[in-house]
Amino acid sequence: MTLQKKPTILVIFGSMGDLTWRKLAPAIYNLFLAGQLPEQFAVFGLDIKEGSTDVFRQRLKDGLDGFCNCGDIDEETWTAFTANLSYISGDFADPATYASLRDQLQALEKKWDASAIHVFYLATPPGIVETIVKGIGVAKLAHDKQRARIVVEKPFGHDLASAVALNGVLTAVVDESQIYRIDHYLGKETVQNILAFRFANTLFEPIWNRRYIDHVQITVSEEVGVEHRGSYYEHAGALRDMIQNHLMQLLCLFAMEPMVSFDADEIRNKKVDVLKAIRPITDEHIHSVAVRGQYGTGWMQGQQVPAYRSESGVASDSATETFAAVKLLVDNWRWQDVPFYLRTGKRLGGKVSEAMIQFRPVPHRSFPATATPDWQPNRLTVHIQPEEGIRLHFQAKQPGSSLHLSPVDMHFTYRETFKTRSPEAYETLLSDVMLGDATLFMRADQVEASWSILMPILNAWKNSVPADFPNYPSGTWGPEAAQVLIAQDGRSWFQPILEAR
Ligand code: BG6
């Protein structure tokens, strides 16, 4: 059954900001082109900046020109798309802003002769979220649980205490069921496919456990540095920016028990179970389960790039990590003693997101050693980006009269199989908010459980200034300590396969 979208008004707080420009504008436009917006649909852009509807439209157009994969925009389509876009300039701390918004929402619904879904999208810096949520609350814009939804971007707090406080602010105004916390990784097509791969096939689930799996590696590496976000990143670092949310969510999808139904809370409950089973990190073990790094200058694609400490908005003696790797254990029946190694960093040797499941070696080698010089245990890699697909690595006999085995790959790619563009994460997520489907969004308990796991590391790192920063040159795969982290268990990081440029 396809759910029908009801008349919807999307209100974007921070509509002149970076997120709207880069991500939301392309997503809304692509949904429009695909005919996936409701017939009655409007966008109100709210921002403190002086502006007009024309300026707002132009800003969105610039976003499409720069960041949309939607080709040339023809005049007629653009006019149709922008017919229902309007701009409200206002101070988020001023009750008059919300009163004016309420009047405009009511006027539009009257014109439509329909009660619309109201999506309040907070595309703003975290510092202003509380003010906006309170403004929405005072103006009673969200008291209808069925019709009003609030979308919140990460970061959800800076640590456990602030995440609990933020959740408190939100739930004082709206019900948990009205809150859509975005982790854009969950909107990626390949990430959603993890559940299909695991639970829509009989083949893999029986071996998806400690009896057959030796360990799991999750890598999210980026080539970019902090770009223009130095002042935000200085207070975040890789553990907060990436591991607390994106990598932990990936871990949950790989480790969770089968869901009984495809229901938002059922799936989210199963993910929370994983987080609750993660072995607490004790102070004496931190150095052996968590390492950090910071990029120095180096070479990327023939260009010399600056060190993190020379980036704009970054302190010249910054102790912020741009690389983090952690080893986590999930203490339950399925995963006891199977390590999950997570690593992420900026200015690494390639842009890759993938998870690799390393299976155990065969229990007995029946083939002569001469036939199997390159014997490797099976490996399954889920490629999330830029390549999208799944690769199974196994042994095959080479053609010929002599007995010689070599490792080969069975490889599924989205590109070749489906021959269609995967929707961008924000398209999927926006569409789901409009439909009221919270499956791909983070619930308060997930966010808090994830912070709880990482708090010992965050505290330890805060209290000890790293003496060796910068400890990896840009363009490499991170600090040596990351190799040591995994080598102490007799394992090594699997080198991601980079797509040809
Ligand atoms: C964001 C982080 O959540 O994810 C950024 O704040 C990071 O620092 C980005 O660059 C990576 O997302 P993607 O989709 O490009 O892998």
# chains A, B, ... in the order shown; residues from 1 in each chain; ligands from 1
>>> closest_atom_pairs(of="chain A", to="ligand 1", cutoff="9 Å", atoms="only C-alpha atoms and all ligand atoms", output="CSV")
residue,atom,partner,partner_atom_place_in_ligand_line,distance
A:Lys154,CA,ligand 1,3 (O),7.2
A:Pro155,CA,ligand 1,6 (O),8.0
A:Asp183,CA,ligand 1,3 (O),7.3
A:His184,CA,ligand 1,14 (O),7.0
A:Tyr185,CA,ligand 1,14 (O),6.5
A:Lys188,CA,ligand 1,14 (O),8.2
A:Val220,CA,ligand 1,16 (O),7.1
A:Ser221,CA,ligand 1,16 (O),7.9
A:Glu222,CA,ligand 1,10 (O),7.0
A:Val224,CA,ligand 1,10 (O),7.4
A:Gly225,CA,ligand 1,10 (O),8.2
A:Val226,CA,ligand 1,8 (O),6.9
A:Glu227,CA,ligand 1,10 (O),8.8
A:Arg229,CA,ligand 1,8 (O),8.2
A:Tyr233,CA,ligand 1,8 (O),7.7
A:Ala236,CA,ligand 1,6 (O),9.0
A:Gly237,CA,ligand 1,8 (O),8.7
A:Ala238,CA,ligand 1,8 (O),7.7
A:Arg240,CA,ligand 1,6 (O),8.9
A:Asp241,CA,ligand 1,6 (O),5.2
A:Met242,CA,ligand 1,2 (C),6.1
A:Asn245,CA,ligand 1,3 (O),8.1
A:His246,CA,ligand 1,3 (O),7.3
A:Lys346,CA,ligand 1,10 (O),7.8
A:Lys351,CA,ligand 1,16 (O),8.1
A:Val352,CA,ligand 1,16 (O),8.0
A:Ser353,CA,ligand 1,16 (O),7.0
A:Gln385,CA,ligand 1,16 (O),7.5
A:Pro386,CA,ligand 1,16 (O),8.8
A:Ala425,CA,ligand 1,14 (O),8.1
>>> write_last_selection(atoms="N, CA, C and O atoms", output="tab-separated table (two decimals), in the first residue's frame")
chain	number	residue	atom	x	y	z
A	154	LYS	N	21.13	17.04	13.65
A	154	LYS	CA	22.22	16.84	14.59
A	154	LYS	C	23.08	18.10	14.65
A	154	LYS	O	23.03	18.87	13.68
A	155	PRO	N	23.88	18.37	15.66
A	155	PRO	CA	24.09	17.48	16.79
A	155	PRO	C	22.94	17.54	17.80
A	155	PRO	O	22.40	18.61	18.05
A	183	ASP	N	19.31	11.69	11.19
A	183	ASP	CA	20.67	11.20	11.00
A	183	ASP	C	20.70	10.86	9.51
A	183	ASP	O	20.13	9.85	9.10
A	184	HIS	N	21.31	11.70	8.72
A	184	HIS	CA	21.10	11.55	7.27
A	184	HIS	C	21.64	10.23	6.74
A	184	HIS	O	21.25	9.79	5.66
A	185	TYR	N	22.52	9.56	7.50
A	185	TYR	CA	23.00	8.25	7.05
A	185	TYR	C	21.85	7.25	6.91
A	185	TYR	O	21.87	6.39	6.06
A	188	LYS	N	20.21	7.07	3.53
A	188	LYS	CA	20.95	6.61	2.35
A	188	LYS	C	20.38	5.26	1.91
A	188	LYS	O	20.12	4.39	2.74
A	220	VAL	N	34.12	5.10	7.77
A	220	VAL	CA	33.56	6.25	7.05
A	220	VAL	C	34.70	7.26	6.92
A	220	VAL	O	35.06	7.95	7.88
A	221	SER	N	35.31	7.26	5.76
A	221	SER	CA	36.46	8.15	5.58
A	221	SER	C	36.10	9.26	4.62
A	221	SER	O	35.33	9.05	3.68
A	222	GLU	N	36.65	10.40	4.89
A	222	GLU	CA	36.37	11.57	4.03
A	222	GLU	C	37.68	12.14	3.51
A	222	GLU	O	38.70	12.09	4.21
A	224	VAL	N	37.60	15.40	2.39
A	224	VAL	CA	37.54	16.82	2.72
A	224	VAL	C	38.10	17.07	4.12
A	224	VAL	O	38.11	16.18	4.97
A	225	GLY	N	38.52	18.32	4.33
A	225	GLY	CA	38.90	18.73	5.68
A	225	GLY	C	37.66	19.28	6.37
A	225	GLY	O	36.54	18.86	6.05
A	226	VAL	N	37.85	20.25	7.26
A	226	VAL	CA	36.66	20.78	7.93
A	226	VAL	C	35.94	21.83	7.09
A	226	VAL	O	34.91	22.35	7.49
A	227	GLU	N	36.47	22.10	5.92
A	227	GLU	CA	35.87	23.08	5.01
A	227	GLU	C	35.63	24.40	5.76
A	227	GLU	O	36.50	24.84	6.49
A	229	ARG	N	33.66	24.88	8.26
A	229	ARG	CA	32.96	24.63	9.52
A	229	ARG	C	33.89	24.54	10.73
A	229	ARG	O	33.56	23.92	11.74
A	233	TYR	N	33.35	22.66	14.29
A	233	TYR	CA	34.05	21.38	14.45
A	233	TYR	C	35.00	21.41	15.65
A	233	TYR	O	35.20	20.39	16.32
A	236	ALA	N	33.36	20.00	18.37
A	236	ALA	CA	32.75	18.69	18.13
A	236	ALA	C	33.84	17.63	18.09
A	236	ALA	O	34.10	16.94	19.08
A	237	GLY	N	34.54	17.54	16.97
A	237	GLY	CA	35.53	16.47	16.82
A	237	GLY	C	34.84	15.24	16.22
A	237	GLY	O	33.61	15.13	16.20
A	238	ALA	N	35.68	14.32	15.75
A	238	ALA	CA	35.17	13.18	14.98
A	238	ALA	C	34.25	12.26	15.79
A	238	ALA	O	33.29	11.70	15.26
A	240	ARG	N	32.15	12.99	18.25
A	240	ARG	CA	30.81	13.58	18.35
A	240	ARG	C	30.16	13.73	16.98
A	240	ARG	O	28.97	13.48	16.80
A	241	ASP	N	30.96	14.17	16.02
A	241	ASP	CA	30.41	14.54	14.72
A	241	ASP	C	29.96	13.32	13.91
A	241	ASP	O	28.99	13.39	13.16
A	242	MET	N	30.66	12.22	14.06
A	242	MET	CA	30.38	11.07	13.18
A	242	MET	C	30.08	9.77	13.94
A	242	MET	O	29.17	9.04	13.56
A	245	ASN	N	26.70	9.30	16.10
A	245	ASN	CA	25.46	9.18	15.34
A	245	ASN	C	25.60	8.20	14.17
A	245	ASN	O	25.15	7.06	14.26
A	246	HIS	N	26.27	8.62	13.09
A	246	HIS	CA	26.25	7.82	11.86
A	246	HIS	C	26.83	6.41	12.06
A	246	HIS	O	26.23	5.42	11.67
A	346	LYS	N	38.69	12.84	8.72
A	346	LYS	CA	38.74	13.79	7.60
A	346	LYS	C	40.15	13.79	7.03
A	346	LYS	O	41.11	13.43	7.71
A	351	LYS	N	37.41	8.88	-0.14
A	351	LYS	CA	36.07	9.03	0.42
A	351	LYS	C	35.35	7.70	0.26
A	351	LYS	O	35.04	7.28	-0.86
A	352	VAL	N	35.14	7.05	1.36
A	352	VAL	CA	34.52	5.73	1.35
A	352	VAL	C	33.69	5.55	2.60
A	352	VAL	O	34.14	5.87	3.71
A	353	SER	N	32.47	5.02	2.44
A	353	SER	CA	31.74	4.53	3.62
A	353	SER	C	31.41	3.08	3.34
A	353	SER	O	30.77	2.77	2.33
A	385	GLN	N	28.93	4.28	0.15
A	385	GLN	CA	29.21	5.36	-0.79
A	385	GLN	C	30.71	5.50	-0.99
A	385	GLN	O	31.46	5.07	-0.11
A	386	PRO	N	31.17	6.01	-2.11
A	386	PRO	CA	30.38	6.46	-3.26
A	386	PRO	C	29.85	5.26	-4.06
A	386	PRO	O	28.83	5.37	-4.72
A	425	ALA	N	19.70	11.13	0.44
A	425	ALA	CA	19.17	10.83	1.78
A	425	ALA	C	18.08	11.82	2.19
A	425	ALA	O	17.03	11.43	2.73
>>> residues_around(residues="segment 125-134 of chain A", least_positions_apart="5", cutoff="7 Å", atoms="only C-alpha atoms", output="ChimeraX atom specification")
/A:92-93,155,169-170
>>> select_by_dssp(residues="segment 16-214 of chain A", states="strand (DSSP E)", output="PyMOL selection string")
chain A and resi 41-47+85-89+117-122+148-152+179-181+213-214
>>> write_last_selection(atoms="C-alpha atoms", output="compact mmCIF listing (two decimals), in the first residue's frame")
# COMPACT_ATOMS: atom_id res chain seq x y z
CA PHE A 41 2.22 21.83 -0.82
CA ALA A 42 3.90 25.05 0.30
CA VAL A 43 7.19 26.14 1.82
CA PHE A 44 7.61 29.02 4.25
CA GLY A 45 11.22 30.02 4.65
CA LEU A 46 11.93 31.75 7.95
CA ASP A 47 15.14 33.51 8.75
CA LEU A 85 7.37 29.34 -1.75
CA SER A 86 7.31 32.35 0.52
CA TYR A 87 9.67 34.05 2.92
CA ILE A 88 9.10 35.42 6.40
CA SER A 89 11.85 37.50 7.93
CA ILE A 117 0.36 18.76 7.95
CA HIS A 118 2.80 21.30 9.41
CA VAL A 119 6.46 20.28 9.26
CA PHE A 120 8.69 22.62 11.26
CA TYR A 121 12.21 21.99 10.02
CA LEU A 122 14.93 23.39 12.29
CA ALA A 148 2.47 19.05 13.57
CA ARG A 149 5.96 17.59 13.27
CA ILE A 150 9.33 19.02 14.29
CA VAL A 151 12.47 18.02 12.43
CA VAL A 152 15.72 18.47 14.34
CA ILE A 179 9.88 14.61 16.74
CA TYR A 180 11.97 13.60 13.73
CA ARG A 181 15.69 13.63 14.64
CA ILE A 213 31.84 -13.90 12.10
CA ASP A 214 35.29 -13.00 13.35
>>> atom_distance(atom1="atom CA of Ser310 of chain A", atom2="atom CA of Gln483 of chain A")
26.0 Å
>>> closest_residue(among="A:Gly135, A:Pro479, A:Pro456, A:Gly400", to="Glu284 of chain A", atoms="only C-alpha atoms")
A:Pro456
>>> residues_around(residues="Val305 of chain A", least_positions_apart="3", cutoff="12 Å", atoms="only C-alpha atoms", output="number ranges by chain")
A: 223-227, 295-302, 308-311, 347-348, 473-475
>>> write_last_selection(atoms="C-alpha atoms", output="short mmCIF file (atom, residue, chain, number, x, y, z; two decimals), in the first residue's frame")
data_model
loop_
_atom_site.label_atom_id
_atom_site.label_comp_id
_atom_site.auth_asym_id
_atom_site.auth_seq_id
_atom_site.Cartn_x
_atom_site.Cartn_y
_atom_site.Cartn_z
CA GLU A 223 38.79 13.38 1.78
CA VAL A 224 37.54 16.82 2.72
CA GLY A 225 38.90 18.73 5.68
CA VAL A 226 36.66 20.78 7.93
CA GLU A 227 35.87 23.08 5.01
CA TYR A 295 45.47 15.81 10.29
CA GLY A 296 48.61 17.70 9.48
CA THR A 297 49.46 19.16 6.14
CA GLY A 298 49.82 16.74 3.25
CA TRP A 299 49.09 16.07 -0.36
CA MET A 300 45.71 15.25 -1.85
CA GLN A 301 45.28 14.72 -5.58
CA GLY A 302 48.45 16.60 -6.34
CA TYR A 308 43.75 21.22 10.63
CA ARG A 309 45.36 23.74 12.98
CA SER A 310 45.77 26.15 10.06
CA GLU A 311 42.12 25.97 8.99
CA ARG A 347 41.50 14.28 5.05
CA LEU A 348 41.98 10.54 4.68
CA PRO A 473 49.48 13.67 7.27
CA SER A 474 46.52 14.56 5.07
CA GLY A 475 45.94 11.95 2.40
#
>>> decode(residues="segment 405-416 of chain A", atoms="all heavy atoms", output="compact mmCIF listing (two decimals), in the first residue's frame")
# COMPACT_ATOMS: atom_id res chain seq x y z
N LEU A 405 43.60 -22.48 -5.95
CA LEU A 405 42.44 -21.67 -5.56
C LEU A 405 42.85 -20.20 -5.42
O LEU A 405 43.96 -19.93 -4.98
CB LEU A 405 41.87 -22.14 -4.22
CG LEU A 405 41.53 -23.61 -4.04
CD1 LEU A 405 40.77 -23.80 -2.73
CD2 LEU A 405 40.68 -24.15 -5.19
N SER A 406 41.96 -19.33 -5.80
CA SER A 406 42.23 -17.91 -5.52
C SER A 406 40.97 -17.21 -5.04
O SER A 406 39.86 -17.63 -5.37
CB SER A 406 42.75 -17.13 -6.71
OG SER A 406 42.71 -17.80 -7.87
N PRO A 407 41.17 -16.13 -4.27
CA PRO A 407 40.02 -15.36 -3.81
C PRO A 407 39.38 -14.59 -4.97
O PRO A 407 40.09 -14.01 -5.79
CB PRO A 407 40.60 -14.38 -2.79
CG PRO A 407 42.07 -14.63 -2.74
CD PRO A 407 42.45 -15.59 -3.81
N VAL A 408 38.05 -14.62 -5.04
CA VAL A 408 37.33 -13.89 -6.09
C VAL A 408 36.16 -13.15 -5.44
O VAL A 408 35.85 -13.37 -4.27
CB VAL A 408 36.78 -14.84 -7.18
CG1 VAL A 408 37.89 -15.46 -7.98
CG2 VAL A 408 35.88 -15.90 -6.55
N ASP A 409 35.52 -12.28 -6.24
CA ASP A 409 34.42 -11.46 -5.71
C ASP A 409 33.12 -11.72 -6.45
O ASP A 409 33.13 -11.84 -7.68
CB ASP A 409 34.73 -9.98 -5.88
CG ASP A 409 35.72 -9.49 -4.84
OD1 ASP A 409 35.93 -10.20 -3.84
OD2 ASP A 409 36.26 -8.40 -5.04
N MET A 410 32.04 -11.77 -5.73
CA MET A 410 30.72 -11.72 -6.33
C MET A 410 30.22 -10.32 -5.98
O MET A 410 30.23 -9.95 -4.81
CB MET A 410 29.84 -12.78 -5.68
CG MET A 410 28.76 -13.27 -6.54
SD MET A 410 28.49 -15.02 -6.30
CE MET A 410 27.85 -15.15 -4.70
N HIS A 411 29.80 -9.59 -6.98
CA HIS A 411 29.63 -8.16 -6.74
C HIS A 411 28.29 -7.66 -7.28
O HIS A 411 28.02 -7.78 -8.47
CB HIS A 411 30.80 -7.43 -7.45
CG HIS A 411 30.90 -6.00 -7.09
ND1 HIS A 411 31.68 -5.12 -7.76
CD2 HIS A 411 30.29 -5.28 -6.14
CE1 HIS A 411 31.56 -3.92 -7.23
NE2 HIS A 411 30.71 -4.00 -6.24
N PHE A 412 27.50 -7.11 -6.41
CA PHE A 412 26.25 -6.50 -6.83
C PHE A 412 26.40 -4.99 -6.73
O PHE A 412 26.88 -4.48 -5.72
CB PHE A 412 25.11 -7.00 -5.92
CG PHE A 412 24.01 -6.00 -5.68
CD1 PHE A 412 23.08 -5.72 -6.66
CD2 PHE A 412 23.92 -5.32 -4.47
CE1 PHE A 412 22.08 -4.79 -6.45
CE2 PHE A 412 22.91 -4.39 -4.24
CZ PHE A 412 22.00 -4.12 -5.24
N THR A 413 26.04 -4.27 -7.78
CA THR A 413 26.04 -2.81 -7.67
C THR A 413 24.65 -2.28 -8.02
O THR A 413 23.98 -2.80 -8.91
CB THR A 413 27.06 -2.11 -8.60
OG1 THR A 413 26.61 -2.26 -9.94
CG2 THR A 413 28.46 -2.65 -8.46
N TYR A 414 24.27 -1.25 -7.31
CA TYR A 414 22.98 -0.60 -7.58
C TYR A 414 22.95 -0.07 -9.00
O TYR A 414 21.96 -0.17 -9.70
CB TYR A 414 22.80 0.58 -6.62
CG TYR A 414 22.11 0.20 -5.36
CD1 TYR A 414 22.75 -0.64 -4.45
CD2 TYR A 414 20.83 0.64 -5.08
CE1 TYR A 414 22.11 -1.00 -3.28
CE2 TYR A 414 20.19 0.28 -3.92
CZ TYR A 414 20.82 -0.54 -3.02
OH TYR A 414 20.19 -0.90 -1.88
N ARG A 415 24.08 0.54 -9.36
CA ARG A 415 24.15 1.21 -10.66
C ARG A 415 23.82 0.24 -11.79
O ARG A 415 22.98 0.50 -12.64
CB ARG A 415 25.57 1.78 -10.82
CG ARG A 415 25.76 2.75 -11.91
CD ARG A 415 27.10 3.50 -11.78
NE ARG A 415 28.08 2.91 -10.88
CZ ARG A 415 29.04 2.07 -11.24
NH1 ARG A 415 29.13 1.68 -12.49
NH2 ARG A 415 29.92 1.61 -10.37
N GLU A 416 24.50 -0.93 -11.76
CA GLU A 416 24.30 -1.87 -12.86
C GLU A 416 22.96 -2.58 -12.77
O GLU A 416 22.33 -2.87 -13.78
CB GLU A 416 25.42 -2.91 -12.85
CG GLU A 416 26.71 -2.34 -13.40
CD GLU A 416 27.89 -3.25 -13.10
OE1 GLU A 416 27.68 -4.44 -12.80
OE2 GLU A 416 29.03 -2.74 -13.14
